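Student: See protein05.cif below, with mmCIF, C-alpha atoms.
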data_data
loop_
_atom_site.label_atom_id
_atom_site.label_comp_id
_atom_site.auth_asym_id
_atom_site.auth_seq_id
_atom_site.Cartn_x
_atom_site.Cartn_y
_atom_site.Cartn_z
CA MET A 5 -0.44 -11.73 -5.68
CA ALA A 6 -3.10 -14.38 -5.14
CA GLU A 7 -2.01 -18.00 -5.38
CA ASN A 8 -2.82 -19.73 -8.66
CA VAL A 9 -5.60 -22.24 -8.05
CA TYR A 10 -3.68 -24.74 -10.20
CA ASP A 11 -1.01 -24.78 -7.49
CA ILE A 12 -3.68 -25.36 -4.84
CA LEU A 13 -5.26 -28.23 -6.77
CA GLU A 14 -1.88 -29.79 -7.45
CA ALA A 15 -0.69 -29.47 -3.84
CA ARG A 16 -3.87 -31.08 -2.53
CA GLY A 17 -3.51 -34.00 -4.94
CA TYR A 18 -6.43 -33.41 -7.29
CA ILE A 19 -4.72 -33.04 -10.66
CA SER A 20 -3.96 -36.08 -12.76
CA GLN A 21 -3.85 -35.17 -16.47
CA ALA A 22 -3.86 -31.90 -18.41
CA THR A 23 -4.23 -31.36 -22.14
CA HIS A 24 -1.99 -28.27 -22.11
CA LYS A 25 -0.47 -27.78 -18.67
CA GLU A 26 1.40 -24.51 -19.25
CA GLU A 27 -1.51 -22.86 -21.03
CA ILE A 28 -3.98 -23.97 -18.36
CA TYR A 29 -1.70 -22.69 -15.60
CA GLU A 30 -1.50 -19.29 -17.30
CA LEU A 31 -5.26 -19.27 -17.93
CA LEU A 32 -6.07 -19.94 -14.27
CA GLY A 33 -3.61 -17.29 -13.09
CA LYS A 34 -6.29 -14.65 -13.61
CA PRO A 35 -9.89 -14.84 -12.31
CA GLY A 36 -12.84 -15.14 -14.64
CA VAL A 37 -12.37 -18.50 -16.35
CA THR A 38 -15.62 -20.33 -17.06
CA PHE A 39 -15.26 -24.10 -16.70
CA TYR A 40 -17.64 -27.03 -16.49
CA ILE A 41 -18.00 -30.44 -14.90
CA GLY A 42 -20.68 -32.87 -16.05
CA PHE A 43 -22.85 -35.01 -13.79
CA ASP A 44 -25.02 -37.74 -15.30
CA PRO A 45 -28.15 -38.02 -13.11
CA THR A 46 -28.41 -41.81 -13.17
CA ALA A 47 -29.34 -41.97 -9.45
CA ASP A 48 -31.30 -39.72 -7.09
CA SER A 49 -28.22 -38.81 -5.06
CA LEU A 50 -24.59 -37.92 -5.58
CA HIS A 51 -22.00 -40.14 -3.88
CA VAL A 52 -18.55 -39.55 -2.40
CA GLY A 53 -16.88 -39.93 -5.81
CA HIS A 54 -18.88 -36.91 -7.01
CA PHE A 55 -17.93 -35.06 -3.84
CA VAL A 56 -14.32 -34.81 -5.05
CA GLN A 57 -15.59 -32.99 -8.15
CA MET A 58 -17.72 -30.70 -6.00
CA MET A 59 -14.65 -29.78 -3.93
CA VAL A 60 -12.71 -28.94 -7.08
CA MET A 61 -15.56 -26.67 -8.19
CA SER A 62 -15.46 -24.95 -4.81
CA HIS A 63 -11.70 -24.34 -4.91
CA MET A 64 -12.00 -22.97 -8.44
CA GLN A 65 -14.90 -20.71 -7.50
CA LYS A 66 -13.07 -19.33 -4.47
CA ALA A 67 -10.22 -18.39 -6.82
CA GLY A 68 -12.62 -16.26 -8.85
CA HIS A 69 -13.55 -18.68 -11.63
CA ARG A 70 -17.09 -19.51 -12.70
CA PRO A 71 -18.32 -23.12 -12.51
CA ILE A 72 -20.95 -24.60 -14.76
CA ALA A 73 -22.58 -27.68 -13.30
CA LEU A 74 -23.82 -29.55 -16.33
CA MET A 75 -26.62 -31.95 -15.61
CA GLY A 76 -26.62 -34.74 -18.17
CA GLY A 77 -30.35 -35.01 -18.70
CA GLY A 78 -29.70 -35.78 -22.36
CA THR A 79 -26.60 -37.96 -22.11
CA ALA A 80 -28.15 -39.92 -19.22
CA MET A 81 -30.72 -41.20 -21.70
CA ILE A 82 -27.84 -43.04 -23.40
CA GLY A 83 -25.49 -43.74 -20.50
CA ASP A 84 -21.73 -43.26 -20.25
CA PRO A 85 -19.88 -46.52 -21.08
CA SER A 86 -16.82 -45.36 -19.09
CA GLY A 87 -15.88 -47.87 -16.42
CA ARG A 88 -18.68 -50.22 -17.40
CA THR A 89 -18.71 -53.84 -18.55
CA ASP A 90 -22.43 -53.76 -19.31
CA MET A 91 -24.98 -51.25 -20.57
CA ARG A 92 -26.48 -48.78 -18.14
CA GLN A 93 -30.16 -48.94 -17.30
CA MET A 94 -32.36 -46.65 -19.38
CA LEU A 95 -34.08 -43.90 -17.40
CA SER A 96 -37.28 -42.02 -18.16
CA GLU A 97 -37.31 -38.24 -18.56
CA GLU A 98 -39.29 -38.00 -15.30
CA ASP A 99 -36.69 -40.01 -13.38
CA ILE A 100 -33.88 -37.90 -14.79
CA ALA A 101 -35.64 -34.63 -13.90
CA TYR A 102 -36.15 -35.82 -10.32
CA ASN A 103 -32.51 -36.88 -10.02
CA VAL A 104 -31.33 -33.50 -11.34
CA ALA A 105 -33.33 -31.70 -8.65
CA CYS A 106 -31.71 -33.87 -5.97
CA PHE A 107 -28.22 -33.15 -7.33
CA LEU A 108 -28.71 -29.39 -7.29
CA LYS A 109 -29.67 -29.38 -3.63
CA GLN A 110 -26.59 -31.40 -2.68
CA MET A 111 -24.18 -29.31 -4.76
CA GLY A 112 -25.35 -26.16 -3.06
CA THR A 113 -23.51 -27.21 0.10
CA VAL A 114 -20.13 -26.30 -1.45
CA VAL A 115 -20.88 -24.26 -4.58
CA ASP A 116 -22.46 -20.79 -4.49
CA PHE A 117 -25.09 -20.55 -7.21
CA THR A 118 -26.33 -17.05 -6.26
CA GLU A 119 -26.07 -13.97 -8.46
CA GLY A 120 -24.54 -15.74 -11.44
CA LYS A 121 -21.52 -16.97 -9.49
CA ALA A 122 -22.14 -20.40 -10.96
CA LEU A 123 -24.44 -21.77 -13.63
CA ILE A 124 -26.60 -24.87 -13.76
CA VAL A 125 -27.44 -26.19 -17.20
CA ASN A 126 -29.06 -29.37 -18.46
CA ASN A 127 -27.85 -30.79 -21.76
CA ALA A 128 -31.34 -32.16 -22.40
CA ASP A 129 -32.18 -28.55 -23.37
CA TRP A 130 -30.05 -28.78 -26.50
CA LEU A 131 -29.45 -32.49 -27.12
CA LEU A 132 -33.04 -33.72 -27.19
CA ASP A 133 -34.05 -31.38 -30.01
CA LEU A 134 -31.09 -32.11 -32.28
CA ASN A 135 -31.71 -33.18 -35.85
CA TYR A 136 -29.77 -36.42 -36.04
CA VAL A 137 -28.73 -36.15 -39.69
CA GLU A 138 -27.56 -32.56 -39.25
CA PHE A 139 -25.71 -33.52 -36.05
CA ILE A 140 -23.85 -36.41 -37.69
CA ARG A 141 -22.95 -34.28 -40.75
CA ASP A 142 -21.74 -31.42 -38.56
CA ILE A 143 -19.93 -33.31 -35.78
CA GLY A 144 -19.22 -36.81 -37.15
CA PRO A 145 -16.43 -35.87 -39.62
CA HIS A 146 -14.26 -34.65 -36.74
CA PHE A 147 -14.10 -38.07 -35.03
CA SER A 148 -11.99 -41.02 -36.12
CA VAL A 149 -13.66 -44.37 -35.38
CA ASN A 150 -10.25 -46.07 -35.26
CA ARG A 151 -9.09 -43.62 -32.63
CA MET A 152 -12.30 -43.84 -30.62
CA LEU A 153 -11.94 -47.61 -30.37
CA THR A 154 -8.58 -47.18 -28.66
CA ALA A 155 -10.19 -45.17 -25.81
CA ASP A 156 -10.39 -47.02 -22.49
CA CYS A 157 -14.09 -46.28 -22.12
CA TYR A 158 -14.82 -48.29 -25.27
CA LYS A 159 -12.14 -50.98 -24.99
CA GLN A 160 -13.68 -52.21 -21.73
CA ARG A 161 -17.04 -52.70 -23.46
CA MET A 162 -15.75 -54.41 -26.59
CA GLU A 163 -15.71 -57.92 -25.10
CA LYS A 164 -19.41 -57.94 -24.17
CA GLY A 165 -20.49 -55.93 -27.17
CA LEU A 166 -20.40 -52.18 -27.65
CA THR A 167 -23.68 -50.81 -28.97
CA PHE A 168 -23.90 -47.95 -31.44
CA LEU A 169 -26.08 -46.20 -28.85
CA GLU A 170 -23.13 -46.00 -26.45
CA PHE A 171 -20.75 -45.14 -29.27
CA ASN A 172 -22.62 -41.86 -29.64
CA TYR A 173 -21.79 -40.83 -26.07
CA MET A 174 -18.38 -39.33 -26.82
CA LEU A 175 -19.80 -37.25 -29.65
CA MET A 176 -22.59 -35.94 -27.45
CA GLN A 177 -20.30 -35.01 -24.56
CA SER A 178 -17.91 -33.33 -26.98
CA TYR A 179 -20.84 -31.41 -28.43
CA ASP A 180 -21.73 -30.27 -24.90
CA PHE A 181 -18.32 -28.63 -24.58
CA LEU A 182 -18.71 -26.99 -28.00
CA TYR A 183 -22.16 -25.69 -27.05
CA LEU A 184 -20.95 -24.26 -23.73
CA TYR A 185 -17.90 -22.75 -25.44
CA LYS A 186 -20.09 -20.88 -27.91
CA LYS A 187 -22.87 -19.89 -25.50
CA HIS A 188 -21.01 -19.22 -22.24
CA ASN A 189 -17.37 -18.78 -23.35
CA CYS A 190 -16.52 -21.96 -21.43
CA THR A 191 -12.90 -22.86 -22.23
CA LEU A 192 -12.10 -25.59 -19.70
CA GLN A 193 -13.66 -28.95 -18.95
CA LEU A 194 -12.83 -30.81 -15.75
CA GLY A 195 -13.66 -34.38 -14.80
CA GLY A 196 -12.45 -37.61 -13.32
CA ASP A 197 -9.68 -39.63 -14.96
CA ASP A 198 -12.29 -41.95 -16.44
CA GLN A 199 -13.50 -39.00 -18.56
CA TRP A 200 -10.13 -38.31 -20.21
CA SER A 201 -11.10 -39.68 -23.65
CA ASN A 202 -14.42 -37.80 -23.65
CA ILE A 203 -12.73 -34.56 -22.57
CA LEU A 204 -10.10 -34.89 -25.29
CA GLY A 205 -12.92 -35.29 -27.81
CA GLY A 206 -14.47 -31.97 -26.79
CA VAL A 207 -11.17 -30.08 -26.70
CA GLU A 208 -10.26 -31.26 -30.19
CA LEU A 209 -13.76 -30.61 -31.57
CA ILE A 210 -13.63 -26.96 -30.50
CA ARG A 211 -10.13 -26.51 -31.89
CA ARG A 212 -11.11 -28.04 -35.24
CA LYS A 213 -14.55 -26.47 -35.71
CA GLU A 214 -14.01 -23.08 -34.10
CA GLN A 215 -10.22 -22.76 -34.22
CA GLY A 216 -10.67 -21.84 -30.56
CA GLU A 217 -8.61 -22.50 -27.48
CA ALA A 218 -10.14 -25.14 -25.24
CA PHE A 219 -8.55 -27.18 -22.50
CA GLY A 220 -9.13 -30.25 -20.37
CA LEU A 221 -8.03 -31.23 -16.90
CA THR A 222 -8.72 -34.45 -15.04
CA PHE A 223 -8.34 -35.36 -11.41
CA ALA A 224 -7.60 -38.71 -9.84
CA LEU A 225 -10.52 -40.90 -8.84
CA LEU A 226 -10.99 -41.36 -5.10
CA THR A 227 -9.03 -44.53 -4.34
CA ASN A 228 -7.38 -46.00 -1.27
CA SER A 229 -3.69 -46.80 -0.85
CA GLU A 230 -4.25 -50.16 -2.58
CA GLY A 231 -5.73 -48.51 -5.66
CA ASN A 232 -9.33 -49.58 -5.02
CA LYS A 233 -12.22 -47.12 -5.35
CA MET A 234 -13.35 -45.63 -2.06
CA GLY A 235 -16.98 -45.01 -1.19
CA LYS A 236 -18.30 -48.56 -1.06
CA THR A 237 -19.56 -50.46 1.98
CA ALA A 238 -21.27 -53.80 2.53
CA ARG A 239 -24.56 -51.89 2.22
CA GLY A 240 -23.58 -50.26 -1.06
CA ALA A 241 -22.35 -46.79 -2.05
CA VAL A 242 -21.69 -44.00 0.45
CA TRP A 243 -24.29 -41.43 -0.64
CA LEU A 244 -24.58 -37.73 0.13
CA ASP A 245 -28.32 -38.10 0.70
CA PRO A 246 -28.90 -38.57 4.47
CA ASN A 247 -31.85 -40.85 3.73
CA LYS A 248 -29.57 -43.24 1.84
CA THR A 249 -26.48 -42.97 4.07
CA SER A 250 -27.25 -41.50 7.49
CA PRO A 251 -24.93 -38.75 8.83
CA PHE A 252 -23.73 -41.23 11.47
CA GLU A 253 -22.91 -43.91 8.89
CA PHE A 254 -21.26 -41.23 6.74
CA TYR A 255 -19.19 -40.05 9.71
CA GLN A 256 -18.20 -43.60 10.60
CA TYR A 257 -17.06 -44.35 7.05
CA TRP A 258 -14.44 -41.61 7.25
CA ARG A 259 -13.65 -42.35 10.89
CA ASN A 260 -12.70 -45.88 9.86
CA VAL A 261 -10.54 -45.21 6.78
CA ASP A 262 -7.16 -46.91 6.72
CA ASP A 263 -4.28 -45.10 8.37
CA ALA A 264 -2.56 -44.81 4.98
CA ASP A 265 -5.52 -42.91 3.46
CA VAL A 266 -6.41 -40.33 6.10
CA ILE A 267 -4.04 -37.54 4.99
CA LYS A 268 -4.95 -37.97 1.32
CA CYS A 269 -8.65 -37.75 2.22
CA MET A 270 -8.05 -34.64 4.34
CA LYS A 271 -6.46 -32.91 1.35
CA LEU A 272 -9.18 -33.92 -1.12
CA LEU A 273 -12.33 -33.78 0.98
CA THR A 274 -11.87 -30.95 3.49
CA PHE A 275 -10.83 -27.30 3.54
CA ILE A 276 -8.32 -27.85 6.35
CA SER A 277 -5.14 -25.94 5.49
CA LEU A 278 -2.21 -27.90 4.11
CA GLU A 279 -0.10 -26.65 7.01
CA GLU A 280 -2.47 -28.15 9.55
CA ILE A 281 -2.78 -31.35 7.53
CA ALA A 282 1.00 -31.65 7.57
CA GLU A 283 0.89 -31.60 11.38
CA TYR A 284 -1.67 -34.41 11.36
CA GLY A 285 0.67 -36.26 9.03
CA LYS A 286 3.25 -36.47 11.82
CA LEU A 287 0.97 -38.54 14.04
CA LYS A 288 1.87 -42.18 14.55
CA ASP A 289 0.09 -45.37 15.63
CA ALA A 290 -2.93 -44.75 17.90
CA GLU A 291 -2.54 -40.97 17.57
CA ILE A 292 -3.70 -41.24 13.94
CA ASN A 293 -7.21 -41.73 15.33
CA GLU A 294 -7.27 -38.00 16.13
CA ALA A 295 -6.70 -37.27 12.44
CA LYS A 296 -9.49 -39.67 11.48
CA LYS A 297 -11.91 -38.00 13.89
CA ARG A 298 -11.08 -34.60 12.44
CA LEU A 299 -11.49 -35.91 8.87
CA ALA A 300 -14.86 -37.47 9.67
CA TYR A 301 -16.11 -34.35 11.46
CA GLU A 302 -15.06 -31.97 8.68
CA VAL A 303 -16.44 -34.01 5.77
CA THR A 304 -19.72 -34.68 7.57
CA GLY A 305 -20.01 -30.99 8.41
CA ILE A 306 -19.56 -29.95 4.78
CA VAL A 307 -22.08 -32.47 3.43
CA HIS A 308 -24.69 -32.56 6.22
CA GLY A 309 -24.09 -29.39 8.22
CA ALA A 310 -22.45 -28.58 11.55
CA GLU A 311 -25.31 -29.87 13.71
CA ALA A 312 -25.36 -33.26 12.03
CA ALA A 313 -21.58 -33.51 12.33
CA LYS A 314 -21.71 -32.73 16.05
CA ALA A 315 -24.48 -35.28 16.58
CA ALA A 316 -22.56 -37.98 14.69
CA LYS A 317 -19.40 -37.22 16.65
CA THR A 318 -21.27 -37.37 19.96
CA GLN A 319 -22.93 -40.61 18.95
CA ALA A 320 -19.62 -42.17 17.93
CA GLU A 321 -17.99 -41.15 21.20
CA ALA A 322 -20.88 -42.63 23.16
CA LEU A 323 -20.57 -45.89 21.26
CA PHE A 324 -16.83 -46.35 21.08
CA GLU A 325 -15.48 -44.38 24.00
CA GLY A 326 -18.39 -44.65 26.42
CA ALA A 327 -20.83 -47.35 27.38
CA GLY A 328 -21.40 -48.54 23.82
CA VAL A 329 -25.01 -47.39 23.46
CA SER A 330 -26.43 -44.46 21.50
CA GLU A 331 -29.97 -43.48 20.64
CA ASP A 332 -29.01 -42.63 17.06
CA MET A 333 -27.23 -45.79 16.01
CA PRO A 334 -28.55 -47.69 12.94
CA THR A 335 -31.64 -49.65 13.97
CA THR A 336 -33.65 -52.57 12.60
CA GLY A 337 -37.05 -53.60 13.91
CA ILE A 338 -37.97 -57.28 14.34
CA PRO A 339 -41.61 -58.36 14.81
CA ALA A 340 -42.18 -60.20 18.09
CA ALA A 341 -43.94 -63.00 16.21
CA ARG A 342 -40.79 -63.63 14.22
CA LEU A 343 -38.70 -63.87 17.38
CA ALA A 344 -40.98 -66.57 18.76
CA GLY A 345 -39.43 -69.12 16.43
CA GLY A 346 -35.92 -67.69 16.71
CA VAL A 347 -34.18 -65.67 13.99
CA PRO A 348 -30.83 -67.02 12.70
CA ILE A 349 -28.11 -64.51 13.44
CA LEU A 350 -26.69 -64.97 9.95
CA ASP A 351 -30.01 -63.77 8.51
CA LEU A 352 -29.91 -60.66 10.70
CA LEU A 353 -26.29 -59.89 9.83
CA LEU A 354 -27.32 -59.91 6.18
CA GLU A 355 -30.56 -57.92 6.67
CA THR A 356 -28.85 -55.18 8.70
CA GLY A 357 -26.08 -54.78 6.14
CA LEU A 358 -23.41 -55.72 8.67
CA MET A 359 -22.30 -58.49 6.34
CA ALA A 360 -22.41 -58.77 2.56
CA SER A 361 -23.07 -62.51 2.64
CA LYS A 362 -23.81 -65.36 5.04
CA GLY A 363 -20.39 -66.77 4.23
CA GLU A 364 -18.74 -63.59 5.47
CA GLY A 365 -20.92 -63.68 8.59
CA ARG A 366 -19.99 -67.29 9.28
CA ARG A 367 -16.27 -66.49 8.99
CA MET A 368 -16.59 -63.46 11.28
CA ILE A 369 -18.37 -65.52 13.94
CA ILE A 370 -15.72 -68.27 13.78
CA GLN A 371 -13.06 -65.55 14.20
CA ASN A 372 -14.90 -64.11 17.23
CA GLY A 373 -15.73 -60.93 15.32
CA VAL A 374 -19.47 -60.77 16.11
CA TYR A 375 -20.93 -59.81 19.49
CA LEU A 376 -24.47 -59.88 20.83
CA ASN A 377 -25.08 -57.64 23.84
CA GLY A 378 -21.35 -57.52 24.52
CA GLN A 379 -20.78 -61.28 24.35
CA ALA A 380 -18.98 -62.99 21.46
CA VAL A 381 -21.21 -65.18 19.33
CA THR A 382 -19.42 -68.52 18.84
CA ASP A 383 -22.11 -70.53 17.04
CA PRO A 384 -22.84 -69.58 13.39
CA PHE A 385 -26.24 -71.28 13.75
CA TYR A 386 -27.25 -69.23 16.81
CA ALA A 387 -30.84 -67.96 16.64
CA ILE A 388 -31.86 -64.73 18.38
CA THR A 389 -35.00 -64.96 20.53
CA GLU A 390 -36.99 -62.87 23.01
CA GLU A 391 -34.50 -63.80 25.73
CA ASP A 392 -31.76 -61.80 23.99
CA PHE A 393 -33.72 -58.54 24.36
CA THR A 394 -33.55 -56.20 27.35
CA ASP A 395 -36.20 -53.49 27.48
CA GLY A 396 -37.07 -54.40 23.89
CA GLU A 397 -33.54 -53.91 22.55
CA ALA A 398 -30.49 -55.98 21.62
CA ILE A 399 -27.14 -54.74 20.30
CA ILE A 400 -25.08 -56.52 17.62
CA LYS A 401 -21.46 -55.47 17.23
CA LYS A 402 -19.25 -56.30 14.25
CA GLY A 403 -15.56 -56.12 15.06
CA LYS A 404 -14.59 -53.33 17.44
CA LYS A 405 -16.37 -50.36 15.91
CA ILE A 406 -19.60 -51.17 14.09
CA PHE A 407 -22.81 -51.36 16.15
CA HIS A 408 -26.42 -52.04 15.19
CA ARG A 409 -29.51 -51.95 17.39
CA LEU A 410 -32.30 -54.51 17.12
CA VAL A 411 -35.69 -53.35 18.36
CA ARG A 412 -38.47 -55.80 19.13
CA GLY A 413 -41.61 -54.73 17.28
#
Please re-express this file's structure in C-alpha cells.
Tutor:
Amino acid sequence: MAENVYDILEARGYISQATHKEEIYELLGKPGVTFYIGFDPTADSLHVGHFVQMMVMSHMQKAGHRPIALMGGGTAMIGDPSGRTDMRQMLSEEDIAYNVACFLKQMGTVVDFTEGKALIVNNADWLLDLNYVEFIRDIGPHFSVNRMLTADCYKQRMEKGLTFLEFNYMLMQSYDFLYLYKKHNCTLQLGGDDQWSNILGGVELIRRKEQGEAFGLTFALLTNSEGNKMGKTARGAVWLDPNKTSPFEFYQYWRNVDDADVIKCMKLLTFISLEEIAEYGKLKDAEINEAKKRLAYEVTGIVHGAEAAKAAKTQAEALFEGAGVSEDMPTTGIPAARLAGGVPILDLLLETGLMASKGEGRRMIIQNGVYLNGQAVTDPFYAITEEDFTDGEAIIKKGKKIFHRLVRG
C-alpha cells in the first residue's frame, strides 16, 4: 500500500496545524483529492518562502492529488494584512497580470500542469465582477466581527489602524475556497501558518453555507533555528527569478546556512530521501560543509536547472577552494572617471550589497572582515583608485566566503 502523503509531509517537517487531523489523514489516504494554495502576485517573482509551498504541492501531486494554484489577482488588489504592520501597496491590473505570468513559469519547475494534472486559476475571474451588496448579504452573516478581531492577522494591524478595505480580505479568501469547492470539488486548503485565520474562515463558510466537508492544513514558515524568517540577505529577498537573485547567489545562500538549519532545509527544500538526510545528520564540525554543498546543489537544481546548479557549484569551488577567482562572480562596474578621485570603500560595500549600511561596513573593517585583492582593509576611510586594479579588475571579499568583482569601466 502506498504511503499516505500526510505521513511524508509530517516526517519532513512541513505540517504545523490541521483543522481536522484524523479526517484529513483519511482523506489523503486515497488519491484524487483536489486542494489549493493561494499566491498573491504582489511582486514579479516568487521567493524562497513560496518555494516551501511549491514543494508541498509537488509532494501532494506525486501522491496522486490534484493541486490548484490560485493566483490572487483579485485579492492582491486589496492586499493581505497577515504579517503586516502597514498597508500593502496598491497594484494595477496590468502589474498583477504580469506578476501572475512570472509566477506560473516558476511554479512549473516542480508542479506538472499538463493534461489537467494541476489547475491554475485567478480569483480576479470571479471576485472582480461580484455585486458588493449581494456578496455582503450572502457571505457577511457567516462572519463574526468580534471573532475576526481576535485573529493574529488583524491584531497586528490594530495599533496603526486597520482599514475596512483590509477587513474584507478574510471574507474574500474564504469566498475563494467556497467557489473552488463548488466549481472544482476542492475540499482542502493549504497555506503557511500566517494564513491559519483565513483558512479557518473558508472551512467554516463551506460547512455553514453548503453543509459540506472542507478542511485546512498549514505548514510552518521557513525559519532558522533562532526562529527568524529565512530568505533575506543584505541585498533583500532571495528570489526564484535568476535576474533578481543569480543562480550563484542562490547557491551561496544555501551553502552558507547555519549548521543547525541544514538538515531542516534538506527535508523541506529538496527531494533527497529521509534515509539519506539522516546520514547527513550524523556529520559533525567541518564535515557538515558536505551537507551544505549537497543542499545548495539540490535546491539550485530544482529552481534553476541542473546546468545552472553545476555552474554555481563550479564557481563556488573555484572561489573558495581554488585560487579565489571566478568569471561568474557578482560584478559591479566603476567608471574610470570616478576612480580618478578615489571611491570610498564604504560606498562600494553599500553599492555592491555586501553591507546593509556604512556602519556595518565600518565595523567589519575594524574587525578585519573586509579584504581588497587578498589584503585586509584596515582603514574605514580607504578610497579605491586605479592603482587597486589589475587588468581592469579588483576583488573585494567579505569575511571568508563572499566575493565581489569590481570592473573598471
Student: For Asp156 (chain A), which of A:Asn202, A:Phe385, A:Glu283, A:Phe139 is the closest residue, counting only C-alpha atoms?
Tutor: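 Answer, going by the shortest atom-to-atom distance: A:Asn202.
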Student: Starting from the displayed file, determine the output of the PyMOL selection byres ((chain A and resi 215-228) around 6) and express the residue list as a PyMOL selection string.
Tutor: chain A and resi 18-23+191-197+207+210-214+229-234+265
Student: For the residues selected in the previous step, produce a file with C-alpha atoms as a short mmCIF file (atom, residue, chain, number, x, y, z; two decimals), in the frame of the given file.
Tutor:
data_model
loop_
_atom_site.label_atom_id
_atom_site.label_comp_id
_atom_site.auth_asym_id
_atom_site.auth_seq_id
_atom_site.Cartn_x
_atom_site.Cartn_y
_atom_site.Cartn_z
CA TYR A 18 -6.43 -33.41 -7.29
CA ILE A 19 -4.72 -33.04 -10.66
CA SER A 20 -3.96 -36.08 -12.76
CA GLN A 21 -3.85 -35.17 -16.47
CA ALA A 22 -3.86 -31.90 -18.41
CA THR A 23 -4.23 -31.36 -22.14
CA THR A 191 -12.90 -22.86 -22.23
CA LEU A 192 -12.10 -25.59 -19.70
CA GLN A 193 -13.66 -28.95 -18.95
CA LEU A 194 -12.83 -30.81 -15.75
CA GLY A 195 -13.66 -34.38 -14.80
CA GLY A 196 -12.45 -37.61 -13.32
CA ASP A 197 -9.68 -39.63 -14.96
CA VAL A 207 -11.17 -30.08 -26.70
CA ILE A 210 -13.63 -26.96 -30.50
CA ARG A 211 -10.13 -26.51 -31.89
CA ARG A 212 -11.11 -28.04 -35.24
CA LYS A 213 -14.55 -26.47 -35.71
CA GLU A 214 -14.01 -23.08 -34.10
CA SER A 229 -3.69 -46.80 -0.85
CA GLU A 230 -4.25 -50.16 -2.58
CA GLY A 231 -5.73 -48.51 -5.66
CA ASN A 232 -9.33 -49.58 -5.02
CA LYS A 233 -12.22 -47.12 -5.35
CA MET A 234 -13.35 -45.63 -2.06
CA ASP A 265 -5.52 -42.91 3.46
#
Student: As a check of understanding, name the residues that the PyMOL selection byres ((chain A and resi 55) around 10) selects in the supplied structure, as a list in words.
Tutor: Leu50, His51, Val52, Gly53, His54, Val56, Gln57, Met58, Met59, Val60, Met61, Gln110, Met111, Val114, Leu226, Trp243, Leu244, Leu272, Leu273, Val303 and Val307 of chain A
Student: Do you know which residues are at most 8 Å from region 29-32 of chain A counting only C-alpha atoms, after dropping those on the same chain fewer than 2 positions away, and could you put them as a ChimeraX atom specification?
Tutor: /A:8-10,25-27,34-35,37
Student: With 12 Å as the threshold, what does the neighbourhood of (-29.5, -44.1, 11.9) contain in terms of residues, counting only C-alpha atoms? Coordinates are those of the file; answer as a PyMOL selection string.
Tutor: chain A and resi 246-256+312+315-316+319-320+330-336+356+407-410
Student: Where atoms are missing, can you supply all heavy atoms for region 315-319 of chain A and output the lot as a short mmCIF file (atom, residue, chain, number, x, y, z; two decimals), in the frame of the given file?
Tutor:
data_model
loop_
_atom_site.label_atom_id
_atom_site.label_comp_id
_atom_site.auth_asym_id
_atom_site.auth_seq_id
_atom_site.Cartn_x
_atom_site.Cartn_y
_atom_site.Cartn_z
N ALA A 315 -23.68 -34.16 16.10
CA ALA A 315 -24.48 -35.28 16.58
C ALA A 315 -23.81 -36.62 16.28
O ALA A 315 -23.77 -37.53 17.11
CB ALA A 315 -25.87 -35.24 15.95
N ALA A 316 -23.24 -36.74 15.06
CA ALA A 316 -22.56 -37.98 14.69
C ALA A 316 -21.33 -38.19 15.55
O ALA A 316 -21.04 -39.32 15.97
CB ALA A 316 -22.17 -37.93 13.21
N LYS A 317 -20.60 -37.13 15.81
CA LYS A 317 -19.40 -37.22 16.65
C LYS A 317 -19.76 -37.64 18.07
O LYS A 317 -19.13 -38.52 18.66
CB LYS A 317 -18.67 -35.87 16.67
CG LYS A 317 -17.38 -35.83 17.47
CD LYS A 317 -16.69 -34.49 17.27
CE LYS A 317 -15.36 -34.44 18.00
NZ LYS A 317 -15.52 -34.36 19.45
N THR A 318 -20.81 -37.03 18.61
CA THR A 318 -21.27 -37.37 19.96
C THR A 318 -21.72 -38.82 20.03
O THR A 318 -21.41 -39.55 20.98
CB THR A 318 -22.42 -36.43 20.38
OG1 THR A 318 -21.96 -35.09 20.35
CG2 THR A 318 -22.93 -36.78 21.77
N GLN A 319 -22.45 -39.24 19.01
CA GLN A 319 -22.93 -40.61 18.95
C GLN A 319 -21.77 -41.60 18.90
O GLN A 319 -21.76 -42.63 19.59
CB GLN A 319 -23.82 -40.79 17.73
CG GLN A 319 -24.42 -42.18 17.59
CD GLN A 319 -25.27 -42.29 16.33
OE1 GLN A 319 -25.61 -41.30 15.72
NE2 GLN A 319 -25.60 -43.51 15.95
#
